[in-house]
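Structure file run32.cif (mmCIF, N, CA and C atoms) follows.
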data_start
#
loop_
_atom_site.label_atom_id
_atom_site.label_comp_id
_atom_site.auth_asym_id
_atom_site.auth_seq_id
_atom_site.Cartn_x
_atom_site.Cartn_y
_atom_site.Cartn_z
N GLU A 107 62.37 121.34 96.95
CA GLU A 107 62.24 120.08 97.67
C GLU A 107 63.37 119.14 97.26
N VAL A 108 64.05 118.61 98.23
CA VAL A 108 65.07 117.60 97.98
C VAL A 108 64.37 116.26 97.83
N ILE A 109 64.62 115.60 96.70
CA ILE A 109 63.96 114.30 96.47
C ILE A 109 64.93 113.13 96.57
N GLY A 110 66.22 113.44 96.69
CA GLY A 110 67.20 112.38 96.82
C GLY A 110 68.58 112.95 97.03
N PHE A 111 69.52 112.06 97.31
CA PHE A 111 70.91 112.49 97.48
C PHE A 111 71.85 111.33 97.16
N LEU A 112 73.08 111.70 96.92
CA LEU A 112 74.16 110.73 96.73
C LEU A 112 75.39 111.29 97.41
N ASN A 113 76.03 110.49 98.25
CA ASN A 113 77.24 110.90 98.95
C ASN A 113 78.37 109.97 98.52
N THR A 114 79.48 110.54 98.06
CA THR A 114 80.60 109.74 97.60
C THR A 114 81.89 110.13 98.30
N THR A 115 82.84 109.21 98.30
CA THR A 115 84.19 109.49 98.74
C THR A 115 85.15 108.75 97.81
N ILE A 116 86.41 109.07 97.95
CA ILE A 116 87.46 108.30 97.30
C ILE A 116 88.27 107.66 98.43
N ARG A 117 88.24 106.34 98.46
CA ARG A 117 88.92 105.61 99.54
C ARG A 117 90.30 105.17 99.07
N VAL A 118 91.27 105.33 99.95
CA VAL A 118 92.62 104.87 99.67
C VAL A 118 92.99 103.67 100.55
N ASP A 119 92.05 103.28 101.42
CA ASP A 119 92.24 102.07 102.21
C ASP A 119 91.62 100.90 101.45
N TYR A 120 91.67 99.74 102.00
CA TYR A 120 91.16 98.53 101.34
C TYR A 120 89.65 98.63 101.13
N VAL A 121 89.23 98.32 99.92
CA VAL A 121 87.80 98.20 99.60
C VAL A 121 87.57 96.78 99.09
N GLU A 122 86.68 96.07 99.72
CA GLU A 122 86.39 94.69 99.38
C GLU A 122 86.13 94.55 97.87
N GLY A 123 86.85 93.62 97.24
CA GLY A 123 86.66 93.34 95.82
C GLY A 123 87.42 94.24 94.87
N SER A 124 88.06 95.29 95.36
CA SER A 124 88.76 96.23 94.49
C SER A 124 90.24 95.88 94.38
N ASP A 125 90.77 96.07 93.18
CA ASP A 125 92.20 95.89 92.95
C ASP A 125 92.94 97.22 92.89
N SER A 126 92.23 98.31 93.07
CA SER A 126 92.81 99.65 92.90
C SER A 126 93.33 100.21 94.21
N ASP A 127 94.30 101.13 94.10
CA ASP A 127 94.79 101.81 95.29
C ASP A 127 93.90 103.00 95.67
N LYS A 128 93.07 103.47 94.72
CA LYS A 128 92.06 104.50 94.97
C LYS A 128 90.74 103.98 94.40
N THR A 129 89.72 103.97 95.22
CA THR A 129 88.44 103.43 94.79
C THR A 129 87.34 104.43 95.10
N GLY A 130 86.53 104.76 94.11
CA GLY A 130 85.36 105.57 94.36
C GLY A 130 84.42 104.78 95.25
N TYR A 131 83.69 105.48 96.12
CA TYR A 131 82.81 104.76 97.02
C TYR A 131 81.48 105.50 97.17
N ILE A 132 80.40 104.75 97.00
CA ILE A 132 79.07 105.29 97.22
C ILE A 132 78.77 105.10 98.71
N GLU A 133 78.88 106.18 99.45
CA GLU A 133 78.66 106.12 100.90
C GLU A 133 77.17 106.09 101.23
N GLY A 134 76.37 106.68 100.37
CA GLY A 134 74.93 106.68 100.60
C GLY A 134 74.21 107.18 99.36
N ILE A 135 73.09 106.57 99.06
CA ILE A 135 72.23 107.02 97.97
C ILE A 135 70.79 106.79 98.41
N PHE A 136 69.94 107.79 98.13
CA PHE A 136 68.55 107.69 98.54
C PHE A 136 67.70 108.54 97.60
N VAL A 137 66.55 108.00 97.23
CA VAL A 137 65.54 108.74 96.46
C VAL A 137 64.21 108.51 97.18
N LYS A 138 63.48 109.61 97.42
CA LYS A 138 62.17 109.49 98.07
C LYS A 138 61.26 108.56 97.28
N GLU A 139 60.47 107.82 98.00
CA GLU A 139 59.64 106.78 97.39
C GLU A 139 58.79 107.25 96.20
N PRO A 140 58.11 108.40 96.26
CA PRO A 140 57.28 108.79 95.10
C PRO A 140 58.09 109.04 93.82
N TYR A 141 59.40 109.21 93.95
CA TYR A 141 60.25 109.54 92.80
C TYR A 141 61.08 108.35 92.32
N ARG A 142 60.93 107.23 92.96
CA ARG A 142 61.69 106.05 92.57
C ARG A 142 61.17 105.49 91.24
N LYS A 143 61.98 104.67 90.61
CA LYS A 143 61.68 104.04 89.32
C LYS A 143 61.50 105.07 88.21
N GLN A 144 62.16 106.22 88.38
CA GLN A 144 62.19 107.26 87.35
C GLN A 144 63.63 107.53 86.91
N HIS A 145 64.53 106.63 87.24
CA HIS A 145 65.95 106.68 86.86
C HIS A 145 66.72 107.81 87.54
N ILE A 146 66.18 108.37 88.61
CA ILE A 146 66.87 109.44 89.33
C ILE A 146 68.12 108.89 90.01
N GLY A 147 68.01 107.73 90.63
CA GLY A 147 69.18 107.11 91.26
C GLY A 147 70.26 106.82 90.24
N ILE A 148 69.87 106.36 89.07
CA ILE A 148 70.83 106.07 88.01
C ILE A 148 71.50 107.36 87.54
N GLN A 149 70.74 108.43 87.42
CA GLN A 149 71.32 109.72 87.03
C GLN A 149 72.32 110.21 88.07
N LEU A 150 71.98 110.04 89.35
CA LEU A 150 72.92 110.42 90.41
C LEU A 150 74.21 109.61 90.30
N LEU A 151 74.07 108.31 90.07
CA LEU A 151 75.25 107.46 89.92
C LEU A 151 76.09 107.86 88.72
N GLU A 152 75.46 108.18 87.61
CA GLU A 152 76.20 108.57 86.41
C GLU A 152 77.02 109.83 86.67
N GLU A 153 76.47 110.77 87.42
CA GLU A 153 77.24 111.97 87.78
C GLU A 153 78.44 111.60 88.64
N ALA A 154 78.24 110.68 89.57
CA ALA A 154 79.35 110.23 90.42
C ALA A 154 80.41 109.55 89.57
N TYR A 155 79.99 108.68 88.64
CA TYR A 155 80.94 107.99 87.78
C TYR A 155 81.76 108.99 86.97
N ASN A 156 81.11 110.01 86.44
CA ASN A 156 81.83 111.04 85.68
C ASN A 156 82.87 111.75 86.55
N HIS A 157 82.49 112.06 87.78
CA HIS A 157 83.42 112.69 88.71
C HIS A 157 84.61 111.77 88.99
N PHE A 158 84.33 110.49 89.21
CA PHE A 158 85.41 109.54 89.48
C PHE A 158 86.33 109.41 88.27
N LYS A 159 85.78 109.35 87.08
CA LYS A 159 86.59 109.21 85.86
C LYS A 159 87.55 110.38 85.69
N ILE A 160 87.11 111.58 86.01
CA ILE A 160 87.97 112.76 85.94
C ILE A 160 89.18 112.58 86.86
N LYS A 161 89.00 111.88 87.96
CA LYS A 161 90.07 111.65 88.94
C LYS A 161 90.78 110.32 88.71
N ASN A 162 90.60 109.74 87.52
CA ASN A 162 91.25 108.48 87.13
C ASN A 162 90.89 107.30 88.04
N ILE A 163 89.68 107.31 88.55
CA ILE A 163 89.17 106.21 89.36
C ILE A 163 88.52 105.21 88.40
N THR A 164 88.87 103.94 88.54
CA THR A 164 88.35 102.93 87.62
C THR A 164 87.41 101.93 88.28
N GLU A 165 87.30 101.97 89.61
CA GLU A 165 86.40 101.06 90.31
C GLU A 165 85.58 101.84 91.33
N VAL A 166 84.35 101.37 91.53
CA VAL A 166 83.45 102.01 92.49
C VAL A 166 82.89 100.93 93.42
N GLY A 167 82.99 101.18 94.70
CA GLY A 167 82.44 100.27 95.69
C GLY A 167 81.21 100.86 96.37
N SER A 168 80.50 100.03 97.07
CA SER A 168 79.32 100.45 97.81
C SER A 168 79.00 99.37 98.82
N ASP A 169 78.07 99.63 99.71
CA ASP A 169 77.65 98.60 100.65
C ASP A 169 76.20 98.84 101.06
N ALA A 170 75.63 97.84 101.69
CA ALA A 170 74.27 97.92 102.22
C ALA A 170 74.13 96.90 103.33
N ASN A 171 73.25 97.17 104.25
CA ASN A 171 72.98 96.19 105.30
C ASN A 171 72.44 94.90 104.69
N VAL A 172 72.75 93.79 105.30
CA VAL A 172 72.36 92.48 104.79
C VAL A 172 70.84 92.39 104.58
N ASP A 173 70.07 93.00 105.46
CA ASP A 173 68.61 92.90 105.37
C ASP A 173 67.96 94.00 104.52
N ASN A 174 68.77 94.85 103.89
CA ASN A 174 68.22 95.92 103.05
C ASN A 174 68.03 95.39 101.62
N LEU A 175 66.93 94.69 101.42
CA LEU A 175 66.67 94.05 100.14
C LEU A 175 66.42 95.05 99.02
N LEU A 176 65.85 96.20 99.34
CA LEU A 176 65.62 97.24 98.33
C LEU A 176 66.96 97.75 97.79
N SER A 177 67.89 98.01 98.68
CA SER A 177 69.21 98.46 98.26
C SER A 177 69.94 97.38 97.48
N ASP A 178 69.83 96.14 97.93
CA ASP A 178 70.45 95.02 97.23
C ASP A 178 69.94 94.94 95.80
N ALA A 179 68.64 95.03 95.63
CA ALA A 179 68.05 94.96 94.28
C ALA A 179 68.51 96.11 93.41
N PHE A 180 68.58 97.32 93.99
CA PHE A 180 69.04 98.48 93.23
C PHE A 180 70.48 98.30 92.78
N HIS A 181 71.35 97.90 93.71
CA HIS A 181 72.76 97.71 93.36
C HIS A 181 72.92 96.71 92.21
N LYS A 182 72.21 95.60 92.29
CA LYS A 182 72.30 94.59 91.24
C LYS A 182 71.73 95.11 89.93
N LYS A 183 70.65 95.88 90.00
CA LYS A 183 70.02 96.43 88.80
C LYS A 183 70.97 97.35 88.04
N VAL A 184 71.76 98.14 88.77
CA VAL A 184 72.66 99.10 88.10
C VAL A 184 74.04 98.51 87.82
N GLY A 185 74.23 97.21 88.09
CA GLY A 185 75.45 96.55 87.66
C GLY A 185 76.48 96.21 88.71
N PHE A 186 76.23 96.54 89.97
CA PHE A 186 77.18 96.16 91.01
C PHE A 186 77.15 94.64 91.19
N LYS A 187 78.30 94.08 91.52
CA LYS A 187 78.43 92.65 91.79
C LYS A 187 78.74 92.47 93.27
N GLU A 188 77.97 91.62 93.93
CA GLU A 188 78.22 91.36 95.35
C GLU A 188 79.52 90.61 95.50
N VAL A 189 80.40 91.11 96.40
CA VAL A 189 81.70 90.47 96.58
C VAL A 189 81.89 89.90 97.99
N GLU A 190 81.09 90.34 98.94
CA GLU A 190 81.28 89.86 100.31
C GLU A 190 80.06 90.22 101.14
N VAL A 191 79.71 89.36 102.08
CA VAL A 191 78.67 89.65 103.06
C VAL A 191 79.33 89.59 104.43
N ILE A 192 79.10 90.60 105.24
CA ILE A 192 79.75 90.67 106.54
C ILE A 192 78.75 91.16 107.59
N ARG A 193 78.89 90.65 108.77
CA ARG A 193 78.09 91.13 109.90
C ARG A 193 79.06 91.73 110.91
N HIS A 194 78.64 92.80 111.53
CA HIS A 194 79.45 93.44 112.57
C HIS A 194 78.85 93.09 113.92
N TYR A 195 79.71 92.89 114.92
CA TYR A 195 79.26 92.54 116.26
C TYR A 195 79.87 93.50 117.26
N ILE A 196 79.18 93.65 118.38
CA ILE A 196 79.71 94.49 119.47
C ILE A 196 79.44 93.79 120.79
N LEU A 197 80.33 93.94 121.71
CA LEU A 197 80.18 93.39 123.05
C LEU A 197 80.62 94.46 124.02
N LYS A 198 79.76 94.81 124.96
CA LYS A 198 80.13 95.77 125.98
C LYS A 198 80.80 95.01 127.12
N ILE A 199 81.97 95.44 127.50
CA ILE A 199 82.66 94.81 128.62
C ILE A 199 82.63 95.73 129.82
N LYS A 200 82.68 95.12 130.98
CA LYS A 200 82.59 95.91 132.22
C LYS A 200 83.88 95.86 132.98
#

Please go through the file and, once you have read it, give me the structure as structure tokens.
Amino acid sequence: EVIGFLNTTIRVDYVEGSDSDKTGYIEGIFVKEPYRKQHIGIQLLEEAYNHFKIKNITEVGSDANVDNLLSDAFHKKVGFKEVEVIRHYILKIK
């Protein structure tokens, strides 16, 4: 049974708040609700950090939707600092 996942990339484009030309990025992290608060998410992140360190990455970015308060709390709990809030808009033209 899969109880969680972590998806990472190394970005070479601009990452908000980063001063590096290569930035590790947490594209997605999820742990099923019954398994939360057991440090599984933290263990997944530590593995990602180790992978990034091997590649000489010194900064890690991530994002979450503005209304995702659970993700916001998790990011702050594990040490991420909020650097920007942004909303995306779309308009269909005819």

- Length of the atom C of Phe111 of chain A to atom N of Ile192 of chain A vector [Å]: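 Calculated distance between atom C of Phe111 of chain A and atom N of Ile192 of chain A is 23.4 Å.
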
- Reference answer for the PyMOL selection byres ((chain A and resi 130) around 8), as a PyMOL selection string: chain A and resi 114-118+127-129+131-133+154+158+162-168

Output the residue selection produced by the PyMOL selection byres (((chain A and resi 135 and name CA) around 8) and name CA) on the file above, formatted as an mmCIF file with N, CA and C atoms, keeping the file's coordinate frame.
data_model
loop_
_atom_site.group_PDB
_atom_site.id
_atom_site.type_symbol
_atom_site.label_atom_id
_atom_site.label_comp_id
_atom_site.auth_asym_id
_atom_site.auth_seq_id
_atom_site.Cartn_x
_atom_site.Cartn_y
_atom_site.Cartn_z
ATOM 1 N N GLY A 110 66.220 113.440 96.690
ATOM 2 C CA GLY A 110 67.200 112.380 96.820
ATOM 3 C C GLY A 110 68.580 112.950 97.030
ATOM 4 N N PHE A 111 69.520 112.060 97.310
ATOM 5 C CA PHE A 111 70.910 112.490 97.480
ATOM 6 C C PHE A 111 71.850 111.330 97.160
ATOM 7 N N LEU A 112 73.080 111.700 96.920
ATOM 8 C CA LEU A 112 74.160 110.730 96.730
ATOM 9 C C LEU A 112 75.390 111.290 97.410
ATOM 10 N N ASN A 113 76.030 110.490 98.250
ATOM 11 C CA ASN A 113 77.240 110.900 98.950
ATOM 12 C C ASN A 113 78.370 109.970 98.520
ATOM 13 N N ILE A 132 80.400 104.750 97.000
ATOM 14 C CA ILE A 132 79.070 105.290 97.220
ATOM 15 C C ILE A 132 78.770 105.100 98.710
ATOM 16 N N GLU A 133 78.880 106.180 99.450
ATOM 17 C CA GLU A 133 78.660 106.120 100.900
ATOM 18 C C GLU A 133 77.170 106.090 101.230
ATOM 19 N N GLY A 134 76.370 106.680 100.370
ATOM 20 C CA GLY A 134 74.930 106.680 100.600
ATOM 21 C C GLY A 134 74.210 107.180 99.360
ATOM 22 N N PHE A 136 69.940 107.790 98.130
ATOM 23 C CA PHE A 136 68.550 107.690 98.540
ATOM 24 C C PHE A 136 67.700 108.540 97.600
ATOM 25 N N VAL A 137 66.550 108.000 97.230
ATOM 26 C CA VAL A 137 65.540 108.740 96.460
ATOM 27 C C VAL A 137 64.210 108.510 97.180
ATOM 28 N N GLY A 147 68.010 107.730 90.630
ATOM 29 C CA GLY A 147 69.180 107.110 91.260
ATOM 30 C C GLY A 147 70.260 106.820 90.240
#

- Task: Give the alpha helix (DSSP H) residues of chain A, as DSSP finds them on the backbone, and put them as a VMD selection string.
- Result: chain A and resid 146 to 160 175 to 183

- Neighbourhood query: residues within 8 Å of (82.2, 94.5, 104.5), file coordinates, counting all atoms listed in the file; return as an MDAnalysis selection string. chainID A and resid 121:122 169:170 189:193

Hey, could you pull the box centre and edge lengths for segment 180-198 of chain A, axis-aligned, 5 Å padding per side, all listed atoms, to one decimal in Å, as JSON?
{"center_x": 75.2, "center_y": 94.2, "center_z": 107.4, "size_x": 23.3, "size_y": 19.7, "size_z": 49.5}
